[in-house]
Structures are given as structure tokens and as C-alpha cells.
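A.B. asks: See my_file10.tsv below, with TSV, C-alpha atoms.
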chain	number	residue	atom	x	y	z
A	1	MET	CA	34.61	-86.34	-71.79
A	2	SER	CA	33.90	-90.05	-72.18
A	3	ALA	CA	31.74	-92.03	-69.79
A	4	SER	CA	34.88	-93.74	-68.44
A	5	THR	CA	36.22	-90.34	-67.34
A	6	LEU	CA	33.19	-89.74	-65.15
A	7	THR	CA	34.87	-91.01	-62.00
A	8	PRO	CA	34.50	-90.45	-58.26
A	9	GLU	CA	37.61	-88.27	-58.42
A	10	TYR	CA	36.00	-86.09	-61.09
A	11	VAL	CA	32.93	-85.59	-58.90
A	12	LEU	CA	35.07	-84.55	-55.92
A	13	THR	CA	37.09	-82.17	-58.09
A	14	THR	CA	33.86	-80.66	-59.44
A	15	ALA	CA	32.54	-80.20	-55.90
A	16	LYS	CA	35.62	-78.11	-55.11
A	17	THR	CA	35.31	-76.17	-58.37
A	18	ILE	CA	31.73	-75.11	-57.73
A	19	ALA	CA	32.24	-74.42	-54.01
A	20	GLY	CA	31.10	-70.89	-53.27
A	21	HIS	CA	28.67	-70.79	-56.19
A	22	ASN	CA	25.91	-72.67	-54.38
A	23	VAL	CA	24.47	-72.84	-50.89
A	24	VAL	CA	25.93	-75.50	-48.60
A	25	THR	CA	22.51	-76.65	-47.51
A	26	PRO	CA	22.07	-78.11	-44.01
A	27	THR	CA	21.78	-81.79	-43.19
A	28	ILE	CA	19.74	-81.87	-40.00
A	29	ALA	CA	18.46	-84.58	-37.67
A	30	ASN	CA	14.70	-84.70	-37.21
A	31	GLU	CA	13.49	-86.26	-33.98
A	32	ALA	CA	9.79	-86.22	-34.89
A	33	LEU	CA	10.31	-88.21	-38.09
A	34	SER	CA	12.73	-90.53	-36.32
A	35	ARG	CA	10.12	-91.38	-33.69
A	36	ARG	CA	7.46	-92.02	-36.31
A	37	THR	CA	9.61	-94.23	-38.57
A	38	GLY	CA	11.94	-96.13	-36.26
A	39	ALA	CA	15.02	-94.81	-38.08
A	40	ASP	CA	17.47	-92.03	-37.22
A	41	VAL	CA	16.39	-89.52	-39.85
A	42	PHE	CA	18.56	-86.76	-41.31
A	43	LEU	CA	17.19	-84.32	-43.90
A	44	LYS	CA	19.36	-82.78	-46.63
A	45	LEU	CA	17.43	-79.58	-47.28
A	46	GLU	CA	18.00	-78.75	-50.94
A	47	ASN	CA	14.78	-76.76	-50.85
A	48	LEU	CA	17.04	-74.06	-49.36
A	49	GLN	CA	19.32	-74.11	-52.41
A	50	HIS	CA	19.47	-71.29	-55.00
A	51	THR	CA	16.21	-71.45	-57.01
A	52	GLY	CA	14.81	-73.88	-54.43
A	53	ALA	CA	16.24	-77.13	-55.81
A	54	PHE	CA	19.42	-79.18	-56.29
A	55	LYS	CA	19.43	-78.51	-60.05
A	56	ALA	CA	21.46	-75.35	-59.49
A	57	ARG	CA	24.45	-77.58	-58.67
A	58	GLY	CA	24.61	-79.28	-62.04
A	59	ALA	CA	23.86	-76.06	-63.87
A	60	ILE	CA	26.85	-74.17	-62.46
A	61	ALA	CA	29.11	-77.19	-62.91
A	62	LYS	CA	28.30	-77.29	-66.62
A	63	LEU	CA	28.54	-73.54	-67.14
A	64	LEU	CA	31.99	-73.39	-65.54
A	65	THR	CA	33.30	-75.86	-68.15
A	66	LEU	CA	32.54	-73.50	-71.05
A	67	ASP	CA	35.37	-71.76	-72.85
A	68	ASP	CA	35.24	-68.08	-73.80
A	69	ALA	CA	33.75	-68.75	-77.23
A	70	GLN	CA	31.02	-70.94	-75.78
A	71	ARG	CA	30.20	-68.36	-73.13
A	72	LYS	CA	29.96	-65.65	-75.75
A	73	ALA	CA	27.64	-67.75	-77.93
A	74	GLY	CA	25.34	-68.63	-75.03
A	75	VAL	CA	23.56	-71.71	-73.76
A	76	ILE	CA	20.21	-73.35	-74.31
A	77	ALA	CA	18.29	-75.79	-72.12
A	78	MET	CA	15.00	-77.64	-72.19
A	79	SER	CA	12.95	-77.80	-69.00
A	80	ALA	CA	9.58	-76.99	-67.49
A	81	GLY	CA	10.85	-76.57	-63.97
A	82	ASN	CA	13.87	-76.65	-61.69
A	83	HIS	CA	16.55	-77.23	-64.33
A	84	ALA	CA	15.33	-74.19	-66.25
A	85	GLN	CA	15.61	-71.97	-63.21
A	86	GLY	CA	19.01	-73.36	-62.20
A	87	VAL	CA	20.49	-72.68	-65.64
A	88	ALA	CA	18.87	-69.24	-65.86
A	89	PHE	CA	20.07	-68.24	-62.38
A	90	HIS	CA	23.72	-69.18	-62.83
A	91	ALA	CA	23.90	-68.03	-66.45
A	92	ALA	CA	22.82	-64.57	-65.30
A	93	ARG	CA	25.49	-64.60	-62.57
A	94	LEU	CA	28.18	-65.50	-65.11
A	95	LYS	CA	26.79	-63.06	-67.71
A	96	ILE	CA	26.06	-65.86	-70.17
A	97	ARG	CA	23.01	-65.52	-72.40
A	98	ALA	CA	20.55	-68.32	-71.67
A	99	THR	CA	17.61	-69.53	-73.72
A	100	ILE	CA	15.16	-71.91	-72.09
A	101	VAL	CA	12.72	-73.90	-74.21
A	102	MET	CA	9.52	-74.91	-72.42
A	103	PRO	CA	6.43	-76.77	-73.66
A	104	LYS	CA	3.47	-74.57	-74.50
A	105	GLY	CA	1.45	-75.81	-71.54
A	106	THR	CA	4.03	-74.86	-68.91
A	107	PRO	CA	2.40	-73.03	-65.97
A	108	PHE	CA	2.83	-69.27	-66.22
A	109	MET	CA	4.41	-69.09	-62.76
A	110	LYS	CA	7.33	-71.26	-63.94
A	111	ILE	CA	7.70	-69.20	-67.10
A	112	ARG	CA	7.72	-65.97	-65.11
A	113	LYS	CA	10.27	-67.23	-62.58
A	114	THR	CA	12.62	-68.35	-65.33
A	115	ARG	CA	12.30	-65.01	-67.12
A	116	ASP	CA	12.85	-63.19	-63.83
A	117	TYR	CA	16.28	-64.84	-63.61
A	118	GLY	CA	17.13	-63.22	-66.94
A	119	ALA	CA	16.66	-66.03	-69.44
A	120	THR	CA	14.88	-65.84	-72.78
A	121	VAL	CA	11.96	-68.27	-72.66
A	122	LEU	CA	10.62	-69.89	-75.82
A	123	LEU	CA	7.41	-71.92	-75.74
A	124	GLU	CA	7.64	-74.74	-78.26
A	125	GLY	CA	5.87	-78.06	-78.62
A	126	ASP	CA	3.23	-79.77	-76.55
A	127	THR	CA	5.57	-82.02	-74.55
A	128	LEU	CA	9.04	-81.96	-73.02
A	129	HIS	CA	10.19	-84.24	-75.83
A	130	ASP	CA	8.99	-81.70	-78.41
A	131	ALA	CA	10.76	-78.92	-76.51
A	132	ALA	CA	13.97	-80.96	-76.36
A	133	VAL	CA	13.96	-81.62	-80.10
A	134	PHE	CA	13.49	-77.91	-80.78
A	135	ALA	CA	16.21	-76.90	-78.29
A	136	GLN	CA	18.77	-79.32	-79.73
A	137	ALA	CA	18.02	-78.16	-83.27
A	138	MET	CA	18.37	-74.51	-82.22
A	139	ALA	CA	21.64	-75.28	-80.42
A	140	LYS	CA	23.07	-76.77	-83.60
A	141	GLU	CA	21.76	-73.97	-85.81
A	142	LYS	CA	23.00	-71.08	-83.65
A	143	GLY	CA	26.10	-72.64	-82.12
A	144	LEU	CA	24.71	-72.68	-78.58
A	145	THR	CA	25.79	-75.11	-75.87
A	146	PHE	CA	22.96	-77.44	-74.94
A	147	VAL	CA	22.75	-78.00	-71.17
A	148	HIS	CA	21.08	-81.37	-70.64
A	149	PRO	CA	19.19	-81.75	-67.35
A	150	TYR	CA	20.84	-85.07	-66.44
A	151	ASN	CA	22.63	-86.90	-69.28
A	152	ASP	CA	25.79	-84.78	-69.08
A	153	GLU	CA	29.06	-85.54	-67.26
A	154	ALA	CA	29.55	-82.09	-65.74
A	155	VAL	CA	25.91	-81.90	-64.66
A	156	ILE	CA	26.10	-85.34	-63.03
A	157	ALA	CA	29.30	-84.39	-61.22
A	158	GLY	CA	27.76	-81.13	-60.01
A	159	GLN	CA	24.76	-82.93	-58.58
A	160	GLY	CA	27.16	-85.25	-56.76
A	161	SER	CA	28.43	-82.33	-54.67
A	162	LEU	CA	25.26	-82.80	-52.62
A	163	ALA	CA	26.50	-86.17	-51.33
A	164	VAL	CA	29.91	-84.69	-50.53
A	165	GLU	CA	28.21	-82.25	-48.18
A	166	MET	CA	26.04	-84.95	-46.61
A	167	VAL	CA	28.98	-87.21	-45.82
A	168	GLU	CA	30.94	-84.30	-44.39
A	169	ALA	CA	27.97	-83.30	-42.21
A	170	VAL	CA	26.98	-86.81	-41.03
A	171	PRO	CA	29.82	-89.25	-41.79
A	172	ASP	CA	28.22	-92.20	-40.00
A	173	LEU	CA	25.11	-92.48	-42.17
A	174	ASP	CA	24.07	-96.02	-43.08
A	175	VAL	CA	22.00	-95.17	-46.14
A	176	ILE	CA	21.10	-92.19	-48.32
A	177	VAL	CA	17.72	-92.12	-50.11
A	178	ILE	CA	17.67	-90.14	-53.34
A	179	PRO	CA	14.80	-89.27	-55.71
A	180	VAL	CA	15.32	-90.56	-59.25
A	181	GLY	CA	14.11	-88.96	-62.46
A	182	GLY	CA	16.63	-89.02	-65.28
A	183	GLY	CA	19.25	-90.28	-62.85
A	184	GLY	CA	21.73	-87.41	-62.71
A	185	LEU	CA	21.42	-86.82	-58.97
A	186	ILE	CA	21.69	-90.44	-57.88
A	187	ALA	CA	24.53	-91.13	-60.32
A	188	GLY	CA	26.61	-88.19	-59.10
A	189	CYS	CA	25.90	-88.98	-55.45
A	190	ALA	CA	26.74	-92.67	-55.89
A	191	LEU	CA	30.11	-91.75	-57.42
A	192	ALA	CA	30.93	-89.40	-54.55
A	193	ILE	CA	29.90	-91.91	-51.90
A	194	LYS	CA	31.97	-94.68	-53.49
A	195	LYS	CA	35.07	-92.57	-52.91
A	196	LEU	CA	34.20	-90.95	-49.57
A	197	LYS	CA	32.28	-93.65	-47.67
A	198	PRO	CA	31.59	-96.82	-49.68
A	199	SER	CA	29.85	-98.45	-46.71
A	200	ILE	CA	26.88	-96.10	-47.18
A	201	ASP	CA	24.05	-97.71	-49.15
A	202	VAL	CA	22.50	-95.63	-51.92
A	203	VAL	CA	18.78	-96.19	-52.43
A	204	GLY	CA	16.87	-94.55	-55.26
A	205	VAL	CA	13.14	-93.81	-55.25
A	206	GLU	CA	10.75	-93.33	-58.17
A	207	PRO	CA	7.01	-92.69	-58.43
A	208	GLU	CA	5.04	-95.87	-59.15
A	209	LEU	CA	3.66	-94.15	-62.24
A	210	TYR	CA	7.14	-93.50	-63.66
A	211	PRO	CA	9.41	-96.51	-62.93
A	212	SER	CA	11.86	-95.53	-65.67
A	213	MET	CA	15.08	-96.43	-63.83
A	214	THR	CA	13.58	-99.71	-62.63
A	215	ASN	CA	12.60	-100.49	-66.21
A	216	ALA	CA	16.12	-99.75	-67.44
A	217	LEU	CA	17.79	-101.85	-64.75
A	218	GLN	CA	15.45	-104.82	-65.11
A	219	GLY	CA	14.97	-104.69	-68.87
A	220	ARG	CA	11.24	-104.19	-68.44
A	221	ASN	CA	8.78	-101.95	-70.24
A	222	ARG	CA	6.21	-100.95	-67.65
A	223	PRO	CA	4.23	-97.85	-68.66
A	224	CYS	CA	5.61	-94.49	-67.54
A	225	THR	CA	2.56	-92.31	-67.74
A	226	GLY	CA	-0.12	-90.58	-65.73
A	227	SER	CA	-0.54	-87.55	-63.52
A	228	THR	CA	1.87	-87.43	-60.58
A	229	ILE	CA	2.48	-84.85	-57.89
A	230	ALA	CA	6.19	-85.64	-58.30
A	231	GLU	CA	6.41	-84.11	-61.77
A	232	GLY	CA	10.07	-83.24	-61.22
A	233	ILE	CA	10.99	-86.94	-61.46
A	234	ALA	CA	8.30	-87.99	-63.94
A	235	VAL	CA	10.73	-89.12	-66.63
A	236	ARG	CA	9.94	-91.74	-69.27
A	237	GLU	CA	13.55	-92.57	-70.15
A	238	VAL	CA	16.67	-92.25	-68.00
A	239	GLY	CA	20.02	-91.01	-69.26
A	240	ALA	CA	22.38	-93.34	-71.11
A	241	LYS	CA	25.23	-92.08	-68.95
A	242	THR	CA	23.36	-92.25	-65.66
A	243	ILE	CA	22.11	-95.81	-66.09
A	244	GLN	CA	25.68	-97.14	-66.38
A	245	ILE	CA	26.63	-95.63	-63.03
A	246	VAL	CA	23.41	-96.59	-61.27
A	247	ARG	CA	23.65	-100.18	-62.49
A	248	GLU	CA	27.17	-100.49	-61.09
A	249	MET	CA	26.91	-98.55	-57.84
A	250	THR	CA	23.32	-98.57	-56.62
A	251	ARG	CA	21.90	-101.65	-55.00
A	252	THR	CA	18.24	-100.73	-54.66
A	253	ILE	CA	15.59	-98.68	-56.47
A	254	VAL	CA	12.14	-98.58	-54.86
A	255	THR	CA	8.87	-97.08	-56.04
A	256	VAL	CA	6.34	-95.13	-54.00
A	257	SER	CA	2.65	-94.37	-54.36
A	258	GLU	CA	1.06	-91.00	-54.96
A	259	THR	CA	-0.53	-91.24	-51.53
A	260	GLY	CA	2.89	-91.87	-50.01
A	261	ILE	CA	4.34	-88.81	-51.71
A	262	GLU	CA	1.44	-86.66	-50.48
A	263	ARG	CA	1.98	-87.99	-46.96
A	264	GLY	CA	5.66	-87.10	-47.29
A	265	ILE	CA	4.87	-83.51	-48.26
A	266	ALA	CA	2.42	-83.18	-45.38
A	267	MET	CA	4.76	-84.73	-42.80
A	268	LEU	CA	7.66	-82.54	-43.87
A	269	ALA	CA	5.41	-79.51	-43.43
A	270	THR	CA	3.94	-80.53	-40.08
A	271	GLN	CA	6.78	-82.51	-38.48
A	272	ALA	CA	9.90	-80.96	-40.02
A	273	LYS	CA	8.44	-77.48	-40.64
A	274	THR	CA	9.84	-77.45	-44.15
A	275	VAL	CA	8.26	-77.02	-47.59
A	276	SER	CA	8.87	-79.74	-50.16
A	277	GLU	CA	7.68	-80.36	-53.68
A	278	GLY	CA	6.50	-83.83	-54.68
A	279	ALA	CA	9.88	-85.03	-55.94
A	280	GLY	CA	11.50	-83.67	-52.80
A	281	ALA	CA	9.19	-85.70	-50.58
A	282	ALA	CA	9.77	-88.96	-52.45
A	283	ALA	CA	12.64	-89.98	-50.16
A	284	LEU	CA	10.45	-89.67	-47.07
A	285	ALA	CA	7.70	-91.57	-48.90
A	286	ALA	CA	10.19	-94.40	-49.43
A	287	LEU	CA	10.97	-94.44	-45.71
A	288	LEU	CA	7.26	-94.56	-44.87
A	289	GLU	CA	6.31	-97.25	-47.39
A	290	HIS	CA	9.43	-99.45	-47.09
A	291	ARG	CA	9.98	-99.09	-43.36
A	292	ASP	CA	11.59	-102.50	-42.82
A	293	MET	CA	14.43	-101.54	-45.14
A	294	PHE	CA	15.42	-98.58	-42.95
A	295	GLU	CA	14.43	-99.47	-39.39
A	296	ASN	CA	17.16	-98.84	-36.77
A	297	ARG	CA	19.46	-97.32	-39.40
A	298	ARG	CA	20.87	-93.82	-39.78
A	299	VAL	CA	19.05	-92.60	-42.87
A	300	GLY	CA	19.79	-89.49	-44.92
A	301	LEU	CA	16.82	-88.26	-46.95
A	302	VAL	CA	17.50	-85.92	-49.86
A	303	ILE	CA	14.74	-83.28	-49.92
A	304	SER	CA	15.63	-82.35	-53.47
A	305	GLY	CA	13.46	-79.26	-53.89
A	306	GLY	CA	10.73	-77.05	-52.48
A	307	ASN	CA	9.11	-75.51	-55.54
A	308	ILE	CA	5.48	-76.38	-54.97
A	309	ASP	CA	2.49	-74.29	-55.97
A	310	ALA	CA	0.68	-72.74	-52.99
A	311	ARG	CA	-2.66	-74.11	-54.17
A	312	MET	CA	-1.17	-77.59	-54.48
A	313	MET	CA	0.36	-77.41	-51.01
A	314	SER	CA	-2.99	-76.35	-49.57
A	315	SER	CA	-4.74	-79.23	-51.31
A	316	VAL	CA	-2.17	-81.78	-50.11
A	317	LEU	CA	-2.45	-80.62	-46.50
A	318	MET	CA	-6.26	-80.73	-46.54
A	319	ARG	CA	-6.27	-84.17	-48.19
A	320	ASP	CA	-3.91	-85.40	-45.50
A	321	LEU	CA	-6.26	-84.17	-42.79
A	322	VAL	CA	-9.03	-86.15	-44.48
A	323	ARG	CA	-6.88	-89.29	-44.60
A	324	GLN	CA	-6.01	-88.92	-40.93
A	325	GLY	CA	-9.68	-88.62	-40.01
A	326	GLN	CA	-9.23	-85.05	-38.82
A	327	VAL	CA	-11.51	-83.56	-41.47
A	328	LEU	CA	-14.61	-85.49	-42.49
A	329	THR	CA	-18.05	-84.89	-43.91
A	330	LEU	CA	-21.09	-86.40	-42.22
A	331	ASN	CA	-24.39	-86.94	-44.04
A	332	ILE	CA	-27.17	-86.72	-41.46
A	333	GLU	CA	-30.80	-87.51	-42.23
A	334	MET	CA	-33.27	-85.76	-39.96
A	335	PRO	CA	-36.90	-84.64	-39.72
A	336	ASP	CA	-37.46	-81.40	-41.62
A	337	LYS	CA	-38.44	-79.31	-38.63
A	338	PRO	CA	-37.01	-76.32	-36.74
A	339	GLY	CA	-34.13	-76.84	-34.33
A	340	GLN	CA	-32.44	-79.84	-35.97
A	341	LEU	CA	-29.40	-77.93	-37.25
A	342	GLN	CA	-29.03	-76.28	-33.87
A	343	ALA	CA	-29.13	-79.69	-32.17
A	344	VAL	CA	-26.39	-81.09	-34.43
A	345	SER	CA	-24.25	-77.99	-33.92
A	346	ALA	CA	-24.69	-78.27	-30.16
A	347	VAL	CA	-23.41	-81.85	-30.14
A	348	CYS	CA	-20.37	-80.87	-32.22
A	349	ALA	CA	-19.64	-77.95	-29.90
A	350	GLU	CA	-19.99	-80.05	-26.75
A	351	GLU	CA	-17.61	-82.67	-28.16
A	352	GLY	CA	-15.06	-80.06	-29.24
A	353	ALA	CA	-15.43	-80.55	-33.00
A	354	ASN	CA	-15.03	-77.53	-35.27
A	355	VAL	CA	-17.71	-77.08	-37.96
A	356	LEU	CA	-16.11	-76.08	-41.27
A	357	GLU	CA	-18.99	-76.26	-43.73
A	358	VAL	CA	-22.73	-76.97	-43.75
A	359	ALA	CA	-25.01	-77.92	-46.65
A	360	HIS	CA	-28.75	-78.43	-46.07
A	361	SER	CA	-30.93	-80.24	-48.62
A	362	ARG	CA	-34.68	-80.87	-48.64
A	363	PHE	CA	-35.06	-81.92	-52.26
A	364	ALA	CA	-33.08	-85.16	-52.67
A	365	MET	CA	-35.36	-87.69	-54.34
A	366	ASP	CA	-34.22	-90.51	-52.04
A	367	LEU	CA	-35.61	-88.64	-49.01
A	368	SER	CA	-39.13	-88.50	-47.67
A	369	ALA	CA	-40.90	-85.20	-48.30
A	370	SER	CA	-40.88	-84.68	-44.54
A	371	ALA	CA	-37.13	-85.26	-44.17
A	372	ALA	CA	-33.96	-83.31	-44.88
A	373	ARG	CA	-30.30	-84.17	-45.27
A	374	LEU	CA	-27.53	-82.21	-43.60
A	375	GLY	CA	-24.02	-82.43	-44.99
A	376	ILE	CA	-21.67	-81.14	-42.32
A	377	THR	CA	-17.88	-81.03	-42.60
A	378	ILE	CA	-16.10	-81.06	-39.25
A	379	GLU	CA	-12.54	-80.91	-37.99
A	380	THR	CA	-11.54	-83.21	-35.14
A	381	ARG	CA	-8.38	-83.89	-33.14
A	382	ASP	CA	-7.86	-87.34	-34.62
A	383	GLU	CA	-9.73	-90.41	-35.83
A	384	ASP	CA	-10.72	-91.48	-32.30
A	385	HIS	CA	-12.20	-88.06	-31.62
A	386	ALA	CA	-14.15	-88.28	-34.89
A	387	HIS	CA	-15.68	-91.60	-33.81
A	388	GLN	CA	-16.57	-90.01	-30.48
A	389	VAL	CA	-18.49	-87.22	-32.23
A	390	ILE	CA	-20.29	-89.68	-34.52
A	391	ASP	CA	-21.28	-91.92	-31.61
A	392	ARG	CA	-22.66	-88.93	-29.71
A	393	LEU	CA	-24.72	-87.82	-32.73
A	394	LYS	CA	-26.15	-91.32	-33.12
A	395	ALA	CA	-26.92	-91.46	-29.41
A	396	SER	CA	-28.84	-88.21	-29.88
A	397	GLY	CA	-31.10	-89.93	-32.41
A	398	PHE	CA	-29.52	-88.83	-35.69
A	399	ASN	CA	-28.98	-91.14	-38.67
A	400	VAL	CA	-25.30	-90.50	-39.47
A	401	ALA	CA	-23.17	-91.72	-42.39
A	402	VAL	CA	-19.58	-90.70	-43.11
A	403	LYS	CA	-19.17	-89.51	-46.68
A	404	ASP	CA	-16.59	-91.43	-48.69
A	405	PRO	CA	-13.79	-88.87	-49.31
A	406	THR	CA	-13.13	-90.42	-52.74
A	407	ALA	CA	-16.73	-89.81	-53.86
A	408	ASP	CA	-17.68	-86.69	-55.78
As C-alpha cells, how would this structure be written, given the file I've shared?

C.D. replies:
Amino acid sequence: MSASTLTPEYVLTTAKTIAGHNVVTPTIANEALSRRTGADVFLKLENLQHTGAFKARGAIAKLLTLDDAQRKAGVIAMSAGNHAQGVAFHAARLKIRATIVMPKGTPFMKIRKTRDYGATVLLEGDTLHDAAVFAQAMAKEKGLTFVHPYNDEAVIAGQGSLAVEMVEAVPDLDVIVIPVGGGGLIAGCALAIKKLKPSIDVVGVEPELYPSMTNALQGRNRPCTGSTIAEGIAVREVGAKTIQIVREMTRTIVTVSETGIERGIAMLATQAKTVSEGAGAAALAALLEHRDMFENRRVGLVISGGNIDARMMSSVLMRDLVRQGQVLTLNIEMPDKPGQLQAVSAVCAEEGANVLEVAHSRFAMDLSASAARLGITIETRDEDHAHQVIDRLKASGFNVAVKDPTAD
């Protein structure tokens, strides 16, 4: 299929072809997020999709295009995450042998999940690029069909089925916000929306550390590097096929900070009661950091996936409590005599603060030999409550300093 054949009509036809193979995930209004952002917010919950992410859509769309000989030979894909699991899941359903090539440093949990779906996993190379080179060479050598994660017409069309469902569920949306990595999801969705409801704006969102689509559209060469919590969209180079569609049909691509993405994950957990990975929370991060663009509009946010490590989720939630002033560490200098810890604890209890951790030091060289330092981590209702506790401690005669949460 040529790029010119990748049309809105092809996306709609593909959506019908793959119907029944994937979950029709809900698009739901969220009053809590609407109140906080000034927009009417609707969440497309692809974290409830097979394998926990939208990638299953493109995978089944590609696999259903294979002829008997291609099915018999098998498929191969390169991925360290959601694409791998989407291909493995649907290949097993269709009884197609699947080989997934992952970089050597891929977390064991992702390797295990992919193997659990029935795929053969090969660990090759130190980077995704190395894994891709190996996978393409193996595809050519063994006659396997290479399933690209985004630069493939059938995959792009399959991802576009997501927008078909959104428009059917909430036809009067003003804008849909879509995370952008290689560009397959936004390209497919933009094609579908052009046919179904061209008045809907399509806005893409990238991590600030990986502005690959912005670079491609603007002819720039900003670095795409660094550690991001949105690893699912941390792509250095977008697809040649996807950029053509995005350039023609998408008006705006915005970038978001790592802090914004973390806030998005935390708000989805606490306000929407849903689990999102970093890439999945990017759309909400865009709404939070570019509020003027969306205020008083009906906004659909694509929560593209929910595959986040439990340890990472725990860390994000605790970090968010620190940012909100609900968890903080106080360094308190005091005379080294009995009863001081009890006095501090009594103030915290009287003010309704919960003590989480206590560290007591007598040997810091910047202290007098007759003094001690108490490091106490407390949980409060909010930032105002935290100030109330601090003021009460100071009024009780304690020298109190709030520890910088960015300090070691």
C-alpha cells in the first residue's frame, strides 16, 4: 500500500475489520478533572484495552492483512513495551508464531509478560535501534513479516479505530489530545476525525525531552535524549509515513514537562481512580500545562495505556504528595536533653499531623555538642495545614527548617 492509499476511508474500513478483536474502551466524563481545569474533560480509557494499551489495535490490524503464507511463516517485531505485548497477544489468538526482539536491558517484567502471551523473546543489542536492525535482518533472512510499531499503513489505520470510538461516544467534542511517539496513533486518529467530524481539533503532546514530532514539523534538531517517565513515547525519530499525515491534518503539537506528566499520573489515580503509565498521562499533562488552549472546551484525553511498574506508581504518588506540601521533612534543632522528641510529637499530634519517619542526630559537625537535630517527616492535609504545624512548632520554641525535597 502506498502512502496515498492511507486515507480516512481506509481507517474507517479497518475499524470495521478489527471490530470484535479489541475492547471498545469507554470514553467517560470526569467531573473532578473538569472542575480543576476549566474544561469539560472526557477520558478515553485505553488502559482497559487488551494488554493494557492502545497498541493492540494496530497489531491486530496488521496481522489480519497477512495471507496464508505469511501467517505460516510468522511475524517479528521490535519493542521493549506495549507494542511487543500487543503483537504477542493477537498473534497467539490467531495462531501465528511471533518473535519479539528486545534490547538486552529490557526489564524482566516486560520480557515475562511478552513470553506469557506466547511469543518467543530474543534479547539483542543495547538499544531499541540495535534491536530493530537485528529484527529487520532476521525478518529478511527467515521470511518473516516485520510488524513496525508505527510506520506501517495497517498499524496506523488500526490505531485510528480509537478515534472512531471516541467520536461515536462523544460526537460534540471540540478537541482530542493524543500522546505522540512515533506518530502512528495521532496519524490514524487524525485521518478518522477528518472523515467523521472535521471540526474537532487534534492536538498532539510530546515529552519535552523527546520533541521528535516537533523537530520534524519545524525542521529543527533539538536533542531527543534523557530519562523520561513517558518511555512509551520517548522516540528519537518519527515515522516517514506518520509525519506526512500529521503535517497535513494536525494543527498543534505541544510539549510537557516531566513534572507535568507525574502530576497527570497522580491526578488520574486520585481524581479519576484510574491507573495510567507516563505516556498515558501526557494528554492530561498537556491540559494542565497549556490550560488556556483548552479552557471552556469539550476535551477528549486519550489515556493511551496503563502499564506502569508498581514501584514507579508508588514513587510518583509520594512525590506528588511532597509537591502538594502534604508530605514534608522538617529539620529541627533542639537542646540534647530528655523530653524534646516527646514535645515535638505532642505538637504534631495536637495539630493533626501524622508522623511518618523520625531521624535523630547528635553528631553533625555543624551542631553544638549540647545540641541535637531531629529530622521528622510528617503528613498533613495540605500546604496550609503544613504551615500551621510549622508555626506551632516555632511558637513552642523550636528552630524549624523545611528540608528541600530536591536535596539528597

A.B. asks: Taking 4 positions as the minimum chain separation for residues in the same chain, which residues sit within 12 Å of A:Ala53 when counting only C-alpha atoms? Answer as a ChimeraX atom specification.

C.D. replies: /A:22-23,25,44-49,57-59,81-87,89,159,162,185,232,275-280,302-308

A.B. asks: Using Å and a single decimal, report how far atom CA of A:Leu301 sits from atom CA of A:Val316.

C.D. replies: 20.3 Å

A.B. asks: Find, counting all atoms listed in the file, the residue in A:Val202, A:Leu144, A:Ala61, A:Val322 that gets nearest to A:Ala77.

C.D. replies: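 Answer, going by the shortest atom-to-atom distance: A:Leu144.
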
A.B. asks: Closest to A:Ala240 among A:Thr255, A:Gln218, A:Asn151, A:Thr17, using all atoms listed in the file?

C.D. replies: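 Smallest distance to A:Ala240 is found for A:Asn151.
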
A.B. asks: Counting all atoms listed in the file, figure out which residue out of A:Ala401, A:Leu43, A:Val101, A:Val75 gets nearest to A:Glu31.

C.D. replies: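 Using all atoms listed in the file, A:Glu31 sits closest to A:Leu43.
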
A.B. asks: Can you work out the spacing between atom CA of A:Arg298 and atom CA of A:Asp201 in Å, to one decimal?

C.D. replies: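 Taking atom CA of A:Arg298 as the start and atom CA of A:Asp201 as the end point, the length is 10.6 Å.
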
A.B. asks: Just to confirm, what's the straight-line distance from atom CA of A:Leu393 to atom CA of A:Ser361 in Å (one decimal)?

C.D. replies: 18.7 Å

A.B. asks: Just the residues within 10 Å of stretch 139-143 of chain A, please, counting only C-alpha atoms, with nothing from its chain fewer than 5 positions along; format it as a list in words.

C.D. replies: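 These residues fall inside the cut-off: Ala69, Gln70, Ala73, Gly74, Val75, Ile76, Ala77, Thr99, Val133 and Phe134 of chain A.
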
A.B. asks: Env of A:Ser227: 12 Å cut, atoms = only C-alpha atoms, seq-sep filter 6 positions within chain, self excluded. Answer as a VMD selection string.

C.D. replies: chain A and resid 207 to 210 233 to 235 257 to 258 278

A.B. asks: Taking only C-alpha atoms into account, name the residue in A:Ala369, A:Ala281, A:Ile18, A:Ala353 that is nearest to A:Asp384.

C.D. replies: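 The closest residue to A:Asp384 is A:Ala353.
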
A.B. asks: Using all atoms listed in the file, pick whichever of A:Asn215, A:Ser315, A:Gln342, A:Thr14 has the shortest atom-to-atom distance to A:Leu63.

C.D. replies: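 Among the listed residues, the smallest separation from A:Leu63 belongs to A:Thr14.
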